[in-house]
$ cat model.cif   # mmCIF, C-alpha atoms
data_work
loop_
_atom_site.label_atom_id
_atom_site.label_comp_id
_atom_site.auth_asym_id
_atom_site.auth_seq_id
_atom_site.Cartn_x
_atom_site.Cartn_y
_atom_site.Cartn_z
CA MET U 17 3.37 5.19 -4.95
CA THR U 18 2.82 3.28 -8.14
CA PHE U 19 5.48 0.68 -8.78
CA ILE U 20 5.92 -0.59 -12.32
CA ASN U 21 8.01 -3.72 -12.68
CA TYR U 22 8.97 -4.34 -16.31
CA ALA U 23 10.61 -7.67 -15.48
CA SER U 24 7.53 -9.23 -13.91
CA ARG U 25 5.17 -7.06 -16.04
CA GLU U 26 3.26 -5.73 -13.03
CA ILE U 27 1.81 -2.40 -11.95
CA ASN U 28 1.29 -2.06 -8.19
CA CYS U 29 -0.78 0.77 -6.72
CA LYS U 30 -1.72 1.64 -3.13
CA ILE U 31 -5.27 2.53 -2.13
CA VAL U 32 -6.17 3.56 1.42
CA TYR U 33 -9.64 3.35 3.00
CA TYR U 34 -10.02 6.21 5.49
CA GLY U 35 -12.84 7.27 7.79
CA PRO U 36 -14.01 7.49 11.41
CA GLY U 37 -14.05 4.56 13.82
CA LEU U 38 -16.59 1.82 13.04
CA CYS U 39 -17.58 3.36 9.68
CA GLY U 40 -16.94 0.07 7.83
CA LYS U 41 -13.46 0.30 6.31
CA THR U 42 -12.48 -3.20 7.33
CA THR U 43 -15.92 -4.46 6.27
CA ASN U 44 -15.24 -3.10 2.76
CA LEU U 45 -12.01 -5.10 2.56
CA GLN U 46 -13.61 -8.16 4.08
CA HIS U 47 -16.33 -8.10 1.43
CA ILE U 48 -13.81 -7.70 -1.39
CA TYR U 49 -11.83 -10.60 0.07
CA ASP U 50 -14.89 -12.84 0.42
CA SER U 51 -16.16 -12.07 -3.09
CA THR U 52 -12.93 -12.40 -5.05
CA ALA U 53 -11.52 -15.58 -6.54
CA PRO U 54 -8.56 -16.83 -4.46
CA GLN U 55 -6.17 -16.58 -7.42
CA ALA U 56 -6.96 -12.86 -7.76
CA ARG U 57 -6.19 -11.92 -4.18
CA GLY U 58 -3.61 -12.47 -1.49
CA LYS U 59 -4.18 -12.87 2.22
CA LEU U 60 -6.22 -10.37 4.19
CA ILE U 61 -3.90 -9.24 6.95
CA SER U 62 -5.64 -7.58 9.90
CA LEU U 63 -3.61 -6.03 12.66
CA ALA U 64 -6.48 -5.74 15.11
CA THR U 65 -7.10 -5.62 18.85
CA ASP U 66 -8.63 -8.54 20.76
CA THR U 67 -12.01 -6.88 20.21
CA ASP U 68 -11.52 -6.75 16.42
CA ARG U 69 -10.88 -3.02 16.23
CA THR U 70 -8.14 -2.11 13.73
CA LEU U 71 -4.95 -1.46 15.67
CA PHE U 72 -2.56 -0.57 12.86
CA PHE U 73 -3.95 -1.49 9.44
CA ASP U 74 -5.65 -4.13 7.30
CA PHE U 75 -3.96 -5.09 4.09
CA MET U 76 -5.00 -7.06 1.07
CA PRO U 77 -3.42 -7.31 -2.39
CA LEU U 78 -5.91 -7.62 -5.25
CA GLU U 79 -5.20 -8.39 -8.89
CA LEU U 80 -7.69 -6.80 -11.24
CA GLY U 81 -6.56 -7.99 -14.64
CA THR U 82 -4.15 -7.17 -17.43
CA VAL U 83 -3.75 -3.93 -19.29
CA ARG U 84 -1.21 -3.56 -22.11
CA GLY U 85 0.41 -6.80 -21.00
CA PHE U 86 0.86 -5.62 -17.41
CA LYS U 87 -0.89 -7.24 -14.46
CA THR U 88 -2.55 -4.56 -12.34
CA ARG U 89 -2.36 -5.17 -8.62
CA PHE U 90 -3.94 -2.92 -6.05
CA HIS U 91 -2.70 -2.96 -2.48
CA LEU U 92 -5.70 -2.11 -0.34
CA TYR U 93 -5.10 -0.70 3.13
CA THR U 94 -7.37 0.56 5.89
CA VAL U 95 -6.35 2.92 8.66
CA PRO U 96 -7.41 2.58 12.30
CA GLY U 97 -10.38 4.91 12.71
CA GLN U 98 -10.21 5.59 16.43
CA VAL U 99 -9.00 9.11 17.14
CA PHE U 100 -6.05 8.10 19.34
CA TYR U 101 -4.37 6.06 16.59
CA GLU U 102 -3.39 9.27 14.82
CA ALA U 103 0.30 8.39 14.42
CA SER U 104 -0.54 5.08 12.71
CA ARG U 105 -3.03 6.71 10.34
CA LYS U 106 -0.43 9.17 9.18
CA LEU U 107 2.13 6.43 8.47
CA ILE U 108 -0.26 4.39 6.34
CA LEU U 109 -1.00 7.29 3.98
CA LYS U 110 2.63 7.46 2.90
CA GLY U 111 2.98 6.60 -0.77
CA VAL U 112 -0.78 6.45 -1.35
CA ASP U 113 -2.09 6.50 -4.95
CA GLY U 114 -5.79 6.81 -4.17
CA VAL U 115 -8.07 7.32 -1.17
CA VAL U 116 -11.59 6.12 -0.33
CA PHE U 117 -13.29 8.05 2.44
CA VAL U 118 -15.87 5.80 4.09
CA ALA U 119 -18.48 7.99 5.75
CA ASP U 120 -20.91 6.65 8.34
CA SER U 121 -24.38 7.79 7.23
CA GLN U 122 -25.88 7.77 10.72
CA GLU U 123 -26.89 11.16 12.02
CA GLU U 124 -24.99 10.80 15.29
CA ARG U 125 -21.74 10.04 13.41
CA MET U 126 -21.74 13.21 11.30
CA ASP U 127 -19.34 15.06 13.59
CA ALA U 128 -16.98 12.07 13.50
CA ASN U 129 -17.11 12.09 9.68
CA ILE U 130 -16.26 15.77 9.51
CA GLU U 131 -13.42 15.42 12.01
CA SER U 132 -12.00 12.43 10.16
CA LEU U 133 -12.17 14.21 6.81
CA TYR U 134 -10.25 17.19 8.18
CA ASN U 135 -7.79 14.76 9.67
CA LEU U 136 -7.36 13.09 6.26
CA GLU U 137 -6.59 16.42 4.61
CA ASP U 138 -4.06 17.28 7.33
CA ASN U 139 -2.33 13.92 7.17
CA LEU U 140 -2.14 13.98 3.38
CA ARG U 141 -0.61 17.44 3.60
CA CYS U 142 2.05 16.06 5.97
CA HIS U 143 3.23 13.81 3.14
CA GLY U 144 3.04 16.59 0.55
CA TYR U 145 -0.24 15.43 -1.02
CA ASP U 146 -3.29 17.54 -1.73
CA LEU U 147 -6.72 15.94 -1.33
CA MET U 148 -7.96 18.16 -4.15
CA LYS U 149 -5.50 16.56 -6.58
CA ILE U 150 -5.37 12.94 -5.46
CA PRO U 151 -7.64 10.15 -6.84
CA TYR U 152 -10.48 10.14 -4.35
CA VAL U 153 -13.94 8.63 -3.78
CA LEU U 154 -16.56 9.35 -1.11
CA GLN U 155 -18.49 6.30 0.03
CA LEU U 156 -21.68 6.82 2.03
CA ASN U 157 -21.88 3.65 4.05
CA LYS U 158 -24.60 2.08 6.21
CA ARG U 159 -27.44 3.29 3.98
CA ASP U 160 -29.59 0.46 5.37
CA LEU U 161 -29.81 1.89 8.88
CA PRO U 162 -32.91 3.78 10.07
CA ASN U 163 -31.35 6.96 11.48
CA ILE U 164 -29.40 8.12 8.44
CA ILE U 165 -28.94 11.55 6.94
CA THR U 166 -30.27 12.05 3.40
CA THR U 167 -27.81 11.48 0.57
CA GLU U 168 -28.13 15.13 -0.49
CA ALA U 169 -27.38 16.47 2.98
CA ILE U 170 -24.39 14.21 3.68
CA THR U 171 -22.99 14.83 0.20
CA ALA U 172 -23.35 18.58 0.63
CA GLU U 173 -21.42 18.34 3.88
CA LEU U 174 -18.64 15.95 2.89
CA GLN U 175 -18.08 16.16 -0.86
CA LYS U 176 -14.86 18.08 -1.48
CA LYS U 177 -14.33 18.43 -5.21
CA GLY U 178 -17.02 16.70 -7.22
CA GLU U 179 -15.53 13.28 -6.51
CA PRO U 180 -17.65 10.18 -7.20
CA VAL U 181 -20.11 9.53 -4.37
CA VAL U 182 -21.15 5.90 -3.85
CA GLU U 183 -23.97 4.78 -1.58
CA ALA U 184 -23.09 1.56 0.18
CA VAL U 185 -24.02 -1.11 2.65
CA ALA U 186 -20.61 -2.69 3.08
CA SER U 187 -21.93 -5.44 5.35
CA THR U 188 -23.94 -6.87 2.45
CA GLY U 189 -21.55 -5.73 -0.27
CA VAL U 190 -23.77 -3.03 -1.80
CA GLY U 191 -21.57 -0.36 -3.41
CA VAL U 192 -18.29 -1.94 -2.33
CA PHE U 193 -17.02 -2.86 -5.79
CA ASP U 194 -18.46 0.34 -7.32
CA THR U 195 -16.33 2.28 -4.84
CA LEU U 196 -13.21 0.28 -5.64
CA LYS U 197 -13.79 0.63 -9.35
CA ALA U 198 -14.27 4.39 -9.07
CA VAL U 199 -11.00 4.92 -7.22
CA ALA U 200 -8.99 2.37 -9.25
CA LYS U 201 -10.10 4.01 -12.47
CA GLN U 202 -8.90 7.39 -11.25
CA VAL U 203 -5.54 5.92 -10.19
CA LEU U 204 -4.98 4.40 -13.64
CA THR U 205 -6.08 7.59 -15.35
CA GLU U 206 -3.57 9.47 -13.19
CA LEU U 207 -0.89 7.02 -14.32
CA ARG U 208 -1.69 7.88 -17.90
CA LYS U 209 -1.16 11.57 -17.13
CA SER U 210 2.18 10.96 -15.41
CA MET P 106 -1.02 14.86 -6.98
CA VAL P 107 0.78 11.68 -6.03
CA ASP P 108 4.45 10.73 -6.22
CA SER P 109 5.76 9.81 -9.65
CA PRO P 110 5.85 6.04 -10.24
CA ILE P 111 8.92 3.88 -9.72
CA LEU P 112 9.89 2.16 -12.94
CA LEU P 113 11.94 -0.99 -12.56
CA ARG P 114 13.47 -1.98 -15.90
CA GLU P 115 14.54 -5.56 -16.60
CA GLN P 116 18.25 -4.83 -16.53
CA ARG P 117 18.05 -3.20 -13.08
CA TYR P 118 15.80 -5.96 -11.83
CA HIS P 119 18.37 -8.60 -12.77
CA GLN P 120 21.12 -6.47 -11.26
CA ILE P 121 19.21 -6.38 -7.97
CA LYS P 122 18.43 -10.08 -8.14
CA ALA P 123 22.16 -10.80 -8.55
CA LEU P 124 22.98 -8.69 -5.48
CA LEU P 125 20.29 -10.46 -3.45
CA ALA P 126 21.59 -13.85 -4.60
CA ARG P 127 25.09 -12.93 -3.48
CA LEU P 128 23.85 -11.73 -0.10
CA ARG P 129 21.80 -14.84 0.41
CA LEU P 130 24.84 -17.01 -0.23
CA ASP P 131 27.26 -14.92 1.85
CA ALA P 132 24.83 -14.63 4.77
CA ALA P 133 23.71 -18.28 4.55
CA ALA P 134 20.16 -16.93 4.57
CA ARG P 135 16.93 -18.67 3.70
CA LEU P 136 15.49 -15.72 1.83
CA VAL P 137 16.32 -12.13 0.93
CA VAL P 138 13.65 -9.56 0.00
CA LEU P 139 14.02 -5.98 -1.13
CA VAL P 140 11.07 -3.76 -0.28
CA GLU P 141 10.27 -0.15 -1.04
CA LYS P 142 9.52 1.87 2.12
CA ASP P 143 5.85 2.16 1.17
CA GLY P 144 5.48 -1.62 1.21
CA GLN P 145 5.97 -2.60 -2.43
CA GLN P 146 8.08 -5.68 -2.98
CA ILE P 147 10.93 -4.94 -5.43
CA ALA P 148 12.62 -8.33 -5.68
CA VAL P 149 13.02 -11.56 -3.78
CA HIS P 150 15.55 -14.37 -3.86
CA GLY P 151 15.77 -17.65 -1.99
CA GLU P 152 13.63 -20.44 -0.56
CA LEU P 153 10.14 -19.05 -0.93
CA GLY P 154 8.17 -22.15 0.03
CA GLU P 155 4.66 -21.12 1.00
CA LEU P 156 5.75 -17.72 2.23
CA ASP P 157 3.49 -14.85 1.17
CA THR P 158 6.14 -12.27 0.32
CA THR P 159 3.58 -9.60 -0.66
CA SER P 160 2.16 -9.63 2.86
CA LEU P 161 5.67 -9.82 4.29
CA ALA P 162 6.67 -6.70 2.33
CA SER P 163 3.64 -4.78 3.57
CA LEU P 164 4.20 -5.81 7.19
CA VAL P 165 7.93 -5.01 7.03
CA ALA P 166 7.12 -1.53 5.77
CA GLY P 167 4.54 -1.11 8.54
CA ASN P 168 7.04 -2.36 11.09
CA VAL P 169 9.75 0.05 9.91
CA ALA P 170 7.26 2.93 9.77
CA ALA P 171 6.08 2.22 13.31
CA THR P 172 9.57 1.91 14.77
CA GLY P 173 10.61 5.01 12.80
CA GLY P 174 7.74 6.84 14.49
CA MET P 175 8.98 5.62 17.87
CA ALA P 176 12.52 6.75 17.02
CA LYS P 177 11.29 10.26 16.29
CA LEU P 178 9.39 10.37 19.59
CA ILE P 179 12.61 9.79 21.50
CA GLY P 180 14.62 12.20 19.35
CA GLU P 181 16.27 9.74 16.94
CA LYS P 182 16.06 10.10 13.14
CA GLU P 183 15.30 6.42 12.65
CA PHE P 184 16.41 2.96 13.73
CA PRO P 185 18.57 1.81 10.81
CA THR P 186 18.26 -1.91 11.58
CA LEU P 187 15.59 -4.09 13.15
CA SER P 188 15.89 -7.71 14.21
CA HIS P 189 13.23 -10.20 15.22
CA GLU P 190 14.49 -13.50 16.57
CA GLY P 191 12.23 -16.53 16.68
CA ASP P 192 12.75 -20.07 17.88
CA ARG P 193 13.61 -21.33 14.41
CA GLU P 194 13.33 -18.45 11.94
CA SER P 195 14.51 -14.88 12.34
CA ILE P 196 14.25 -11.65 10.36
CA HIS P 197 16.77 -8.86 10.00
CA ILE P 198 15.76 -5.58 8.34
CA SER P 199 18.13 -2.83 7.19
CA VAL P 200 16.81 0.60 6.29
CA ILE P 201 18.82 1.83 3.29
CA GLY P 202 17.39 5.20 2.32
CA ARG P 203 14.06 4.46 0.65
CA ILE P 204 14.57 0.73 0.49
CA LEU P 205 14.36 -2.00 3.10
CA LEU P 206 16.60 -5.04 2.90
CA VAL P 207 14.95 -8.01 4.58
CA VAL P 208 16.89 -11.18 5.37
CA VAL P 209 15.05 -14.26 6.65
CA PHE P 210 17.39 -16.79 8.20
CA ASP P 211 17.41 -19.90 10.38
CA GLU P 212 19.94 -21.92 12.38
CA ARG P 213 22.21 -22.24 9.32
CA SER P 214 23.24 -18.61 9.91
CA SER P 215 23.57 -16.11 12.76
CA LEU P 216 22.44 -12.57 13.45
CA GLY P 217 26.03 -11.34 13.47
CA LEU P 218 26.78 -12.78 10.04
CA VAL P 219 23.52 -11.47 8.57
CA LYS P 220 24.18 -7.98 9.97
CA LEU P 221 27.71 -7.95 8.59
CA ARG P 222 26.77 -9.15 5.10
CA SER P 223 23.74 -6.84 4.92
CA LYS P 224 25.93 -3.87 5.78
CA GLN P 225 28.52 -4.86 3.21
CA ILE P 226 26.02 -4.99 0.36
CA SER P 227 23.94 -1.97 1.34
CA GLN P 228 26.09 0.54 -0.54
CA GLU P 229 25.72 -1.33 -3.83
CA LEU P 230 21.98 -1.68 -3.34
CA SER P 231 21.70 1.98 -2.49
CA ALA P 232 23.62 2.98 -5.64
CA THR P 233 21.48 0.69 -7.81
CA PHE P 234 18.26 2.06 -6.36
CA ALA P 235 19.50 5.62 -6.89
CA GLU P 236 19.87 4.71 -10.57
CA ILE P 237 16.34 3.26 -10.59
CA GLU P 238 15.00 6.51 -9.12
CA ARG P 239 16.89 8.56 -11.68
CA GLU P 240 15.55 6.39 -14.51
CA SER P 241 12.03 6.59 -13.04
CA ARG P 242 12.12 10.38 -13.08
CA ALA P 243 13.37 10.36 -16.67
CA GLY P 244 10.92 7.60 -17.63
CA ALA P 245 7.90 9.37 -16.19
CA ALA P 246 8.41 12.06 -18.80
CA ASP P 247 8.86 9.46 -21.53
CA SER P 248 5.89 9.27 -23.88
CA ALA P 249 6.97 5.74 -24.85
CA LEU P 250 5.70 4.41 -21.51
CA PRO P 251 3.10 1.71 -22.10
CA PHE P 252 0.42 3.62 -20.19
CA GLY P 253 0.93 6.99 -21.80
CA GLU P 254 -1.75 6.24 -24.37
CA ILE P 255 -3.96 3.90 -22.39
CA THR P 256 -7.60 4.38 -23.35
CA ASP P 257 -10.71 4.69 -21.21
CA GLU P 258 -11.97 1.48 -22.83
CA GLU P 259 -8.86 -0.40 -21.71
CA ILE P 260 -9.30 0.84 -18.15
CA ASP P 261 -12.98 -0.14 -18.21
CA SER P 262 -12.19 -3.58 -19.60
CA LEU P 263 -10.00 -4.22 -16.58
CA PHE P 264 -13.07 -4.31 -14.41
CA SER P 265 -14.91 -6.76 -16.60
CA GLN P 266 -12.02 -9.25 -16.72
CA GLY P 267 -12.64 -10.49 -13.18
#

$ encode --input "model.cif" --output "structure tokens"
Amino acid sequence: MTFINYASREINCKIVYYGPGLCGKTTNLQHIYDSTAPQARGKLISLATDTDRTLFFDFMPLELGTVRGFKTRFHLYTVPGQVFYEASRKLILKGVDGVVFVADSQEERMDANIESLYNLEDNLRCHGYDLMKIPYVLQLNKRDLPNIITTEAITAELQKKGEPVVEAVASTGVGVFDTLKAVAKQVLTELRKS
Amino acid sequence: MVDSPILLREQRYHQIKALLARLRLDAAARLVVLVEKDGQQIAVHGELGELDTTSLASLVAGNVAATGGMAKLIGEKEFPTLSHEGDRESIHISVIGRILLVVVFDERSSLGLVKLRSKQISQELSATFAEIERESRAGAADSALPFGEITDEEIDSLFSQG
């Protein structure tokens, strides 16, 4: 939920990175954290297991700049991708302003992508949101791996509504900021409508 | 569609700050933070030091959401208060409708005092936040909002500032 503070002249929005386990959600945030000036970002909080799998969520506040005298801050969250953390995933979507679905481009992960996408739609519905109406970007991650599905085929399978599709290699940063920009732009445009 | 934005006007912000200042004094607390249930920090008052209150707000919301989920599993609506006691610093959280009142305190205070004072002020905070919600609903339909006429160029320029 967007929060506009007139006293501190700030707009705060919530963006959630969603997707199957090991698709690269945390890697997206890690790259944004590593590539952003310290004054523009807060701490990267990772609630992870001992083996670095996301247990509850990752969180990072990011300040993009000023528009109409208001600082725009995006609160970036990831969900835990593993299937059995369903309850946590649902909680994190509450109050979301925009969603990035990080798909794993590897052929053997296609079923996991589809399952996770259905799960996203269901969990959004639980909070009264409709994926077809929410700011949304599809990121095709891991485009550097050998066993990937073609962009056309994966897009045909996963694209829901003509949303922006961004090819990415989050581990090297390719497409990470393009994805963020695409979703942030939609969130601000939505704010204009409201 | 997403929820309509919360608009916090200056007057309400100062009203909330005054309530938090009073609570901090009455509860002999180090710090008092008001957080929206989705993790947005509304206002803070007290000894901030190096504390990252943005992260604190997000973690408090996650904490309340997780314990709320546990409450539902055992047939409770929610757990209205949460306390975490450390060796030197402790945290007490009250769930007041859509807002979370967070009090950070040390040996200068006690859990009992913090609970009592938090409870006493919760009604006023709840009433103030109800006003903020009412104003937000009215404000969202107000064409005078600064973002009502925001241009594509302005949005694009945001991404070239960094």

$ closest_residue --input "model.cif" --among "P:Ser163, P:Lys220, P:Gln120, P:Leu125" --to "U:Leu92" --atoms "all atoms listed in the file"
P:Ser163

$ atom_distance --input "model.cif" --atom1 "atom CA of U:Ala184" --atom2 "atom CA of U:Gln46"
14.1 Å

$ residues_around --input "model.cif" --residues "stretch 180-188 of chain P" --least-positions-apart "4" --cutoff "10 Å" --atoms "all atoms listed in the file" --output "VMD selection string"
chain P and resid 165 168 to 170 172 to 176 195 to 202 205 to 208 216 220 223 to 224

$ closest_atom_pairs --input "model.cif" --of "chain P" --to "chain U" --cutoff "10 Å" --atoms "only C-alpha atoms" --output "JSON lines"
{"residue": "P:Met106", "atom": "CA", "partner": "U:Lys149", "partner_atom": "CA", "distance": 4.8}
{"residue": "P:Val107", "atom": "CA", "partner": "U:Asp113", "partner_atom": "CA", "distance": 6.0}
{"residue": "P:Asp108", "atom": "CA", "partner": "U:Met17", "partner_atom": "CA", "distance": 5.8}
{"residue": "P:Ser109", "atom": "CA", "partner": "U:Ser210", "partner_atom": "CA", "distance": 6.9}
{"residue": "P:Pro110", "atom": "CA", "partner": "U:Thr18", "partner_atom": "CA", "distance": 4.6}
{"residue": "P:Ile111", "atom": "CA", "partner": "U:Phe19", "partner_atom": "CA", "distance": 4.8}
{"residue": "P:Leu112", "atom": "CA", "partner": "U:Ile20", "partner_atom": "CA", "distance": 4.9}
{"residue": "P:Leu113", "atom": "CA", "partner": "U:Asn21", "partner_atom": "CA", "distance": 4.8}
{"residue": "P:Arg114", "atom": "CA", "partner": "U:Tyr22", "partner_atom": "CA", "distance": 5.1}
{"residue": "P:Glu115", "atom": "CA", "partner": "U:Ala23", "partner_atom": "CA", "distance": 4.6}
{"residue": "P:Gln116", "atom": "CA", "partner": "U:Ala23", "partner_atom": "CA", "distance": 8.2}
{"residue": "P:Arg117", "atom": "CA", "partner": "U:Ala23", "partner_atom": "CA", "distance": 9.0}
{"residue": "P:Tyr118", "atom": "CA", "partner": "U:Ala23", "partner_atom": "CA", "distance": 6.6}
{"residue": "P:His119", "atom": "CA", "partner": "U:Ala23", "partner_atom": "CA", "distance": 8.3}
{"residue": "P:Glu141", "atom": "CA", "partner": "U:Phe19", "partner_atom": "CA", "distance": 9.1}
{"residue": "P:Lys142", "atom": "CA", "partner": "U:Gly111", "partner_atom": "CA", "distance": 8.6}
{"residue": "P:Asp143", "atom": "CA", "partner": "U:Gly111", "partner_atom": "CA", "distance": 5.6}
{"residue": "P:Gly144", "atom": "CA", "partner": "U:Gly111", "partner_atom": "CA", "distance": 8.8}
{"residue": "P:Gln145", "atom": "CA", "partner": "U:Phe19", "partner_atom": "CA", "distance": 7.2}
{"residue": "P:Gln146", "atom": "CA", "partner": "U:Phe19", "partner_atom": "CA", "distance": 9.0}
{"residue": "P:Ile147", "atom": "CA", "partner": "U:Asn21", "partner_atom": "CA", "distance": 7.9}
{"residue": "P:Ala148", "atom": "CA", "partner": "U:Asn21", "partner_atom": "CA", "distance": 9.6}
{"residue": "P:Asp157", "atom": "CA", "partner": "U:Gly58", "partner_atom": "CA", "distance": 7.9}
{"residue": "P:Thr158", "atom": "CA", "partner": "U:Gly58", "partner_atom": "CA", "distance": 9.9}
{"residue": "P:Thr159", "atom": "CA", "partner": "U:Pro77", "partner_atom": "CA", "distance": 7.6}
{"residue": "P:Ser160", "atom": "CA", "partner": "U:Lys59", "partner_atom": "CA", "distance": 7.1}
{"residue": "P:Leu161", "atom": "CA", "partner": "U:Ile61", "partner_atom": "CA", "distance": 9.9}
{"residue": "P:Ser163", "atom": "CA", "partner": "U:Phe75", "partner_atom": "CA", "distance": 7.6}
{"residue": "P:Leu164", "atom": "CA", "partner": "U:Phe75", "partner_atom": "CA", "distance": 8.8}
{"residue": "P:Ala166", "atom": "CA", "partner": "U:Ile108", "partner_atom": "CA", "distance": 9.5}
{"residue": "P:Gly167", "atom": "CA", "partner": "U:Ile108", "partner_atom": "CA", "distance": 7.6}
{"residue": "P:Asn168", "atom": "CA", "partner": "U:Phe72", "partner_atom": "CA", "distance": 9.9}
{"residue": "P:Ala170", "atom": "CA", "partner": "U:Leu107", "partner_atom": "CA", "distance": 6.3}
{"residue": "P:Ala171", "atom": "CA", "partner": "U:Ser104", "partner_atom": "CA", "distance": 7.2}
{"residue": "P:Gly173", "atom": "CA", "partner": "U:Leu107", "partner_atom": "CA", "distance": 9.6}
{"residue": "P:Gly174", "atom": "CA", "partner": "U:Ala103", "partner_atom": "CA", "distance": 7.6}
{"residue": "P:Met175", "atom": "CA", "partner": "U:Ala103", "partner_atom": "CA", "distance": 9.7}
{"residue": "P:Ser241", "atom": "CA", "partner": "U:Ile20", "partner_atom": "CA", "distance": 9.5}
{"residue": "P:Gly244", "atom": "CA", "partner": "U:Ser210", "partner_atom": "CA", "distance": 9.6}
{"residue": "P:Ala245", "atom": "CA", "partner": "U:Ser210", "partner_atom": "CA", "distance": 6.0}
{"residue": "P:Ala246", "atom": "CA", "partner": "U:Ser210", "partner_atom": "CA", "distance": 7.2}
{"residue": "P:Asp247", "atom": "CA", "partner": "U:Ser210", "partner_atom": "CA", "distance": 9.2}
{"residue": "P:Ser248", "atom": "CA", "partner": "U:Ser210", "partner_atom": "CA", "distance": 9.4}
{"residue": "P:Leu250", "atom": "CA", "partner": "U:Arg208", "partner_atom": "CA", "distance": 8.9}
{"residue": "P:Pro251", "atom": "CA", "partner": "U:Arg84", "partner_atom": "CA", "distance": 6.8}
{"residue": "P:Phe252", "atom": "CA", "partner": "U:Arg208", "partner_atom": "CA", "distance": 5.3}
{"residue": "P:Gly253", "atom": "CA", "partner": "U:Arg208", "partner_atom": "CA", "distance": 4.8}
{"residue": "P:Glu254", "atom": "CA", "partner": "U:Arg208", "partner_atom": "CA", "distance": 6.7}
{"residue": "P:Ile255", "atom": "CA", "partner": "U:Arg208", "partner_atom": "CA", "distance": 6.4}
{"residue": "P:Thr256", "atom": "CA", "partner": "U:Thr205", "partner_atom": "CA", "distance": 8.8}
{"residue": "P:Asp257", "atom": "CA", "partner": "U:Thr205", "partner_atom": "CA", "distance": 8.0}
{"residue": "P:Glu259", "atom": "CA", "partner": "U:Val83", "partner_atom": "CA", "distance": 6.7}
{"residue": "P:Ile260", "atom": "CA", "partner": "U:Lys201", "partner_atom": "CA", "distance": 6.6}
{"residue": "P:Asp261", "atom": "CA", "partner": "U:Lys201", "partner_atom": "CA", "distance": 7.6}
{"residue": "P:Ser262", "atom": "CA", "partner": "U:Val83", "partner_atom": "CA", "distance": 8.5}
{"residue": "P:Leu263", "atom": "CA", "partner": "U:Gly81", "partner_atom": "CA", "distance": 5.5}
{"residue": "P:Phe264", "atom": "CA", "partner": "U:Leu80", "partner_atom": "CA", "distance": 6.7}
{"residue": "P:Ser265", "atom": "CA", "partner": "U:Gly81", "partner_atom": "CA", "distance": 8.7}
{"residue": "P:Gln266", "atom": "CA", "partner": "U:Gly81", "partner_atom": "CA", "distance": 6.0}
{"residue": "P:Gly267", "atom": "CA", "partner": "U:Leu80", "partner_atom": "CA", "distance": 6.5}

$ residues_around --input "model.cif" --residues "U:Gly189" --least-positions-apart "5" --cutoff "12 Å" --atoms "all atoms listed in the file" --output "PyMOL selection string"
chain U and resi 40+43-52+157-160+183-184+194-196

$ atom_distance --input "model.cif" --atom1 "atom CA of U:Arg141" --atom2 "atom CA of U:Ala169"
26.8 Å

$ atom_distance --input "model.cif" --atom1 "atom CA of P:Val137" --atom2 "atom CA of U:Ser62"
24.2 Å

$ axis_aligned_box --input "model.cif" --around "stretch 118-125 of chain U" --padding-each-side "3 Å" --output "JSON"
{"center_x": -21.4, "center_y": 8.5, "center_z": 9.7, "size_x": 17.0, "size_y": 11.4, "size_z": 17.2}

$ closest_residue --input "model.cif" --among "U:Thr70, U:Gln98, U:Ser187, U:Gln175" --to "U:Leu133" --atoms "all atoms listed in the file"
U:Gln175

$ residues_around --input "model.cif" --residues "P:Asp211" --least-positions-apart "4" --cutoff "8 Å" --atoms "all atoms listed in the file" --output "list in words"
Ala134, Arg135, Arg193, Glu194, Ser195 and Ser215 of chain P

$ write_last_selection --input "model.cif" --atoms "C-alpha atoms" --output "PDB file, keeping the file's coordinate frame"
ATOM      1  CA  ALA P 134      20.160 -16.930   4.570  1.00  0.00           C
ATOM      2  CA  ARG P 135      16.930 -18.670   3.700  1.00  0.00           C
ATOM      3  CA  ARG P 193      13.610 -21.330  14.410  1.00  0.00           C
ATOM      4  CA  GLU P 194      13.330 -18.450  11.940  1.00  0.00           C
ATOM      5  CA  SER P 195      14.510 -14.880  12.340  1.00  0.00           C
ATOM      6  CA  SER P 215      23.570 -16.110  12.760  1.00  0.00           C
TER       7      SER P 215
END

$ resolve_selection --input "model.cif" --expression "the PyMOL selection byres ((chain U and resi 95) around 6)" --output "PyMOL selection string"
chain U and resi 34+73+94+96+105

$ resolve_selection --input "model.cif" --expression "the PyMOL selection byres ((chain U and resi 170) around 10)" --output "list in words"
Ala119, Asp120, Ser121, Gln122, Glu123, Met126, Asn129, Leu156, Ile164, Ile165, Thr166, Thr167, Glu168, Ala169, Thr171, Ala172, Glu173, Leu174 and Gln175 of chain U

$ resolve_selection --input "model.cif" --expression "the PyMOL selection byres ((chain P and resi 232) around 12)" --output "VMD selection string"
chain P and resid 117 120 to 121 124 201 to 204 226 to 231 233 to 239
